[in-house]
file target_33.cif (mmCIF, C-alpha atoms)
data_data
loop_
_atom_site.label_atom_id
_atom_site.label_comp_id
_atom_site.auth_asym_id
_atom_site.auth_seq_id
_atom_site.Cartn_x
_atom_site.Cartn_y
_atom_site.Cartn_z
CA MET H 168 -21.56 56.67 56.37
CA ARG H 169 -21.14 54.59 59.49
CA PHE H 170 -23.56 54.82 62.39
CA TYR H 171 -20.80 54.57 65.00
CA GLU H 172 -17.20 55.70 64.67
CA SER H 173 -14.44 55.81 67.22
CA GLU H 174 -10.99 57.09 66.41
CA LEU H 175 -7.81 58.05 68.20
CA ILE H 176 -6.56 61.51 67.25
CA THR H 177 -3.16 62.94 68.00
CA GLY H 178 -2.44 66.56 68.75
CA LYS H 179 0.51 68.93 68.49
CA PRO H 180 3.54 67.96 70.60
CA VAL H 181 4.29 70.10 73.64
CA SER H 182 7.79 70.57 75.03
CA ALA H 183 8.06 70.50 78.81
CA SER H 184 10.97 69.89 81.19
CA GLY H 185 13.17 68.48 78.45
CA ARG H 186 10.47 66.10 77.28
CA THR H 187 8.09 66.04 74.36
CA ILE H 188 4.48 65.34 75.26
CA ILE H 189 2.12 64.26 72.50
CA PRO H 190 -1.55 64.40 73.51
CA GLN H 191 -3.91 61.73 72.29
CA ALA H 192 -7.67 61.99 72.40
CA LYS H 193 -10.47 59.61 71.55
CA ARG H 194 -13.31 60.91 69.41
CA THR H 195 -16.58 58.99 69.25
CA ILE H 196 -19.16 59.92 66.61
CA ILE H 197 -22.71 58.61 66.66
CA ARG H 198 -24.72 59.50 63.57
CA MET H 199 -28.46 59.19 63.80
CA PRO H 200 -30.44 57.80 60.87
CA GLY H 201 -31.21 60.51 58.37
CA ARG H 202 -27.65 61.78 58.00
CA ASN H 203 -28.51 65.11 59.59
CA ARG H 204 -28.04 64.45 63.28
CA ALA H 205 -24.96 63.50 65.17
CA LEU H 206 -23.53 63.24 68.63
CA VAL H 207 -19.80 63.60 69.10
CA ILE H 208 -17.80 62.96 72.27
CA GLY H 209 -14.15 63.80 72.70
CA ARG H 210 -12.22 62.65 75.72
CA PRO H 211 -8.54 62.58 76.63
CA ALA H 212 -7.04 59.13 76.16
CA ALA H 213 -3.33 59.38 76.99
CA VAL H 214 -0.15 61.32 76.51
CA LEU H 215 2.85 59.91 74.71
CA VAL H 216 6.08 61.02 76.37
CA GLU H 217 9.37 61.15 74.55
CA GLU H 218 12.47 61.57 76.68
CA PRO H 219 16.10 61.65 75.59
CA GLY H 220 17.87 58.45 76.56
CA ARG H 221 14.65 56.58 77.23
CA GLU H 222 12.08 54.68 75.24
CA GLU H 223 8.86 56.58 74.64
CA TYR H 224 6.06 55.65 77.00
CA LEU H 225 2.35 56.17 77.27
CA VAL H 226 0.68 57.75 80.29
CA PRO H 227 -3.03 56.90 80.24
CA ILE H 228 -5.58 59.47 81.37
CA ARG H 229 -8.43 57.96 83.35
CA ASP H 230 -11.70 59.71 84.05
CA GLU H 231 -12.15 59.03 87.77
CA THR H 232 -15.50 60.83 88.00
CA ASP H 233 -16.94 58.71 85.20
CA ARG H 234 -15.52 55.59 86.80
CA ALA H 235 -17.15 56.39 90.15
CA ARG H 236 -20.50 57.08 88.47
CA ARG H 237 -20.32 53.86 86.49
CA THR H 238 -19.57 51.94 89.70
CA VAL H 239 -22.65 53.44 91.36
CA PHE H 240 -24.85 52.59 88.35
CA ILE H 241 -23.52 49.03 88.11
CA GLN H 242 -24.10 48.49 91.82
CA LEU H 243 -27.60 49.89 91.47
CA ALA H 244 -28.34 47.62 88.51
CA LEU H 245 -27.03 44.57 90.38
CA THR H 246 -29.05 45.46 93.50
CA LEU H 247 -32.23 45.94 91.45
CA LEU H 248 -31.61 42.66 89.69
CA ALA H 249 -31.00 40.83 92.96
CA GLY H 250 -34.09 42.46 94.47
CA GLY H 251 -36.17 41.44 91.48
CA LEU H 252 -34.96 37.84 91.61
CA LEU H 253 -35.49 37.58 95.37
CA GLY H 254 -38.95 39.07 95.05
CA ARG H 255 -39.81 36.56 92.36
CA LYS H 256 -38.62 33.67 94.56
CA ARG H 257 -40.73 34.94 97.44
CA ARG H 258 -43.81 35.27 95.22
CA VAL H 259 -43.39 31.74 93.89
CA ARG H 260 -43.01 30.38 97.44
CA ARG H 261 -46.06 32.37 98.60
CA ASP H 262 -48.17 31.14 95.68
CA ARG H 263 -47.15 27.54 96.37
CA ALA H 264 -47.98 27.93 100.06
CA ALA H 265 -51.37 29.43 99.16
CA GLN H 266 -52.09 26.54 96.78
CA GLY H 267 -51.11 24.08 99.50
CA ALA H 268 -53.46 25.76 101.98
CA ILE H 269 -56.37 25.65 99.49
CA ARG H 270 -55.90 21.92 98.97
CA MET G 233 -38.32 66.26 27.79
CA ASN G 234 -39.29 69.41 29.60
CA ASP G 235 -40.78 67.35 32.46
CA LYS G 236 -37.57 65.31 32.81
CA SER G 237 -35.37 68.38 33.00
CA ALA G 238 -37.81 69.99 35.42
CA THR G 239 -37.68 66.88 37.66
CA ALA G 240 -33.88 66.85 37.50
CA THR G 241 -33.75 70.51 38.59
CA LEU G 242 -36.23 69.72 41.37
CA ASP G 243 -34.06 66.85 42.59
CA GLU G 244 -31.01 69.10 42.55
CA LYS G 245 -32.86 71.67 44.61
CA ARG G 246 -33.94 69.00 47.07
CA MET G 247 -30.42 67.56 47.39
CA LYS G 248 -28.70 70.89 47.95
CA PRO G 249 -30.03 71.48 51.50
CA MET G 250 -29.19 67.86 52.38
CA GLN G 251 -25.62 68.31 51.16
CA MET G 252 -25.34 71.56 53.08
CA THR G 253 -26.51 69.93 56.30
CA GLU G 254 -24.07 67.06 55.84
CA GLU G 255 -21.21 69.48 55.25
CA THR G 256 -22.16 71.56 58.29
CA LEU G 257 -22.41 68.44 60.39
CA ASP G 258 -18.98 67.27 59.24
CA ARG G 259 -17.50 70.65 60.12
CA PHE G 260 -19.15 70.51 63.55
CA ILE G 261 -17.72 67.05 64.17
CA LYS G 262 -14.23 68.27 63.28
CA THR G 263 -14.42 71.00 65.94
CA VAL G 264 -14.18 68.27 68.58
CA ASN G 265 -10.48 67.74 68.07
CA VAL G 266 -7.43 67.43 70.30
CA SER G 267 -7.19 71.16 70.90
CA ALA G 268 -10.74 71.11 72.29
CA VAL G 269 -9.91 68.23 74.63
CA PHE G 270 -6.43 69.35 75.70
CA GLY G 271 -6.08 72.97 76.79
CA GLU G 272 -3.15 75.33 76.43
CA PRO G 273 -0.17 74.33 78.58
CA VAL G 274 0.36 76.52 81.64
CA LYS G 275 3.81 77.02 83.07
CA ALA G 276 3.99 77.05 86.87
CA GLY G 277 7.58 77.27 88.02
CA GLU G 278 9.38 74.19 86.79
CA ASN G 279 6.15 72.40 86.03
CA VAL G 280 4.01 72.51 82.95
CA ILE G 281 0.33 71.78 83.43
CA ILE G 282 -1.94 70.71 80.56
CA PRO G 283 -5.64 70.70 81.45
CA THR G 284 -7.88 68.11 79.83
CA ALA G 285 -11.63 67.98 79.45
CA GLN G 286 -14.33 65.79 78.05
CA VAL G 287 -16.18 67.59 75.28
CA MET G 288 -19.59 66.50 74.14
CA GLY G 289 -21.72 68.01 71.42
CA GLY G 290 -24.87 67.24 69.53
CA MET G 291 -26.30 68.82 66.44
CA GLY G 292 -29.32 68.31 64.26
CA PHE G 293 -30.54 69.87 61.03
CA GLY G 294 -33.60 69.61 58.92
CA ALA G 295 -34.28 70.98 55.48
CA GLY G 296 -37.03 70.58 52.98
CA PHE G 297 -38.05 71.77 49.58
CA GLY G 298 -41.26 71.37 47.71
CA SER G 299 -43.16 72.56 44.72
CA GLY G 300 -46.66 72.27 43.43
CA ARG G 301 -48.94 73.13 40.59
CA GLN G 302 -52.38 74.59 40.74
CA GLY G 303 -55.00 72.64 38.81
CA ARG G 304 -54.55 69.53 36.67
CA GLY G 305 -53.64 68.70 33.10
CA GLU G 306 -54.46 71.44 30.67
CA GLU G 307 -55.97 73.58 33.40
CA ALA G 308 -52.71 73.52 35.39
CA GLY G 309 -51.84 77.04 36.31
CA ASN G 310 -49.11 78.61 38.34
CA THR G 311 -46.34 76.60 39.92
CA GLY G 312 -45.10 77.41 43.36
CA GLU G 313 -41.94 76.46 45.16
CA GLY G 314 -41.01 76.67 48.76
CA GLY G 315 -38.36 75.52 51.13
CA GLY G 316 -37.21 75.78 54.68
CA SER G 317 -34.51 74.63 57.02
CA GLY G 318 -33.69 74.67 60.69
CA GLY G 319 -31.18 73.34 63.09
CA GLY G 320 -29.90 73.36 66.61
CA GLY G 321 -27.08 72.10 68.70
CA ARG G 322 -25.53 72.01 72.08
CA SER G 323 -22.10 71.37 73.43
CA MET G 324 -20.74 70.97 76.90
CA SER G 325 -17.49 70.12 78.54
CA ARG G 326 -16.23 69.10 81.92
CA PRO G 327 -12.72 68.82 83.31
CA VAL G 328 -11.25 65.33 83.48
CA ALA G 329 -7.64 65.62 84.59
CA ALA G 330 -4.50 67.72 84.52
CA VAL G 331 -1.30 66.41 83.00
CA VAL G 332 1.63 67.68 85.06
CA ALA G 333 5.10 67.56 83.54
CA SER G 334 7.79 68.18 86.12
CA PRO G 335 11.54 67.49 86.19
CA GLU G 336 10.71 64.25 88.04
CA GLY G 337 8.39 62.96 85.37
CA VAL G 338 4.95 63.18 83.83
CA ARG G 339 1.93 62.36 85.92
CA VAL G 340 -1.82 62.69 85.62
CA GLU G 341 -3.81 64.40 88.36
CA PRO G 342 -7.49 63.44 88.07
CA VAL G 343 -10.24 65.96 88.63
CA ILE G 344 -12.94 64.37 90.75
CA ASP G 345 -16.32 66.05 90.47
CA LYS G 346 -17.85 65.26 93.86
CA THR G 347 -21.13 67.00 92.98
CA ARG G 348 -21.73 64.70 90.02
CA ILE G 349 -20.89 61.62 92.02
CA THR G 350 -23.15 62.72 94.89
CA LEU G 351 -26.02 63.39 92.47
CA THR G 352 -25.58 59.96 90.92
CA GLY G 353 -25.59 58.41 94.39
CA MET G 354 -28.76 60.31 95.29
CA ILE G 355 -30.55 59.10 92.14
CA ALA G 356 -29.44 55.54 92.86
CA GLY G 357 -30.64 55.88 96.46
CA ALA G 358 -34.00 57.23 95.33
CA LEU G 359 -34.51 54.33 92.92
CA LEU G 360 -33.58 51.82 95.60
CA GLY G 361 -35.94 53.53 98.02
CA LEU G 362 -38.77 53.29 95.49
CA MET G 363 -38.06 49.61 95.00
CA PHE G 364 -38.06 49.07 98.78
CA ILE G 365 -41.39 50.88 99.21
CA ARG G 366 -42.95 48.80 96.43
CA ARG G 367 -41.73 45.64 98.13
CA LEU G 368 -43.24 46.71 101.47
CA ARG G 369 -46.59 47.46 99.88
CA ALA G 370 -46.69 44.17 97.94
#

call {"tool": "encode", "arguments": {"input": "target_33.cif", "output": "structure tokens"}}
result
Amino acid sequence: MRFYESELITGKPVSASGRTIIPQAKRTIIRMPGRNRALVIGRPAAVLVEEPGREEYLVPIRDETDRARRTVFIQLALTLLAGGLLGRKRRVRRDRAAQGAIR
Amino acid sequence: MNDKSATATLDEKRMKPMQMTEETLDRFIKTVNVSAVFGEPVKAGENVIIPTAQVMGGMGFGAGFGSGRQGRGEEAGNTGEGGGSGGGGRSMSRPVAAVVASPEGVRVEPVIDKTRITLTGMIAGALLGLMFIRRLRA
């Protein structure tokens, strides 16, 4: 039994406007140690479109809300990191100045 | 010989709840399939709209079985057995996008949850504010 599994699952085709749309979803399974707990996430991945007289093509489905939230978190992490590094530099400079004053 | 067979039966009894929880968990995992993520297509004029959502679920089970004997050795009296199990779970979903199939083509219309994004921004702002206050005090 694997701790982490991610698989692409395909659904039933849907006919629309002379096309066949095949939905594809991504299922992620995280099993906790002990074999009796699990977290499962299903999200839409893409739709495969089949059209007469044309090669089949994939239309990806992007989660814009998740993307925006991730951007905010990444920016926050980078700002905190930059703030931490700058603060450390300032402390080192201050300590050196204090040592210089003592001498 | 009797002790061995008794231990084997005990092990079987202990394993049964574990197997049941594993089976239930597997069945729960299978419920998060494509039909849970992609909704029923809706026809609107010439267009067909397929709603999509992110589905998340968590489940946990616990089960136990035990037995004991009163007294020791030759004085050992009655044996008792007991068992219990429990479990819980939660699932939630949120809309992600709508797939629109029209005579012109197939396109994806994203669903942007402004409330979620605003909340995330507020949390980020609060953390930055805390960091700023700490810096001022230092």

call {"tool": "resolve_selection", "arguments": {"input": "target_33.cif", "expression": "the PyMOL selection byres ((chain G) within 9 of (chain H))", "output": "VMD selection string"}}
result
chain G and resid 250 253 to 254 257 260 to 261 264 to 270 273 275 278 to 280 284 to 294 328 to 331 333 to 346 348 to 350 352 to 353 356 to 357 359 to 360 363 to 364 367

call {"tool": "atom_distance", "arguments": {"input": "target_33.cif", "atom1": "CA of Glu223 in chain H", "atom2": "CA of Ile189 in chain H"}}
result
10.4 Å

call {"tool": "atom_distance", "arguments": {"input": "target_33.cif", "atom1": "CA of Thr256 in chain G", "atom2": "CA of Arg169 in chain H"}}
result
17.0 Å
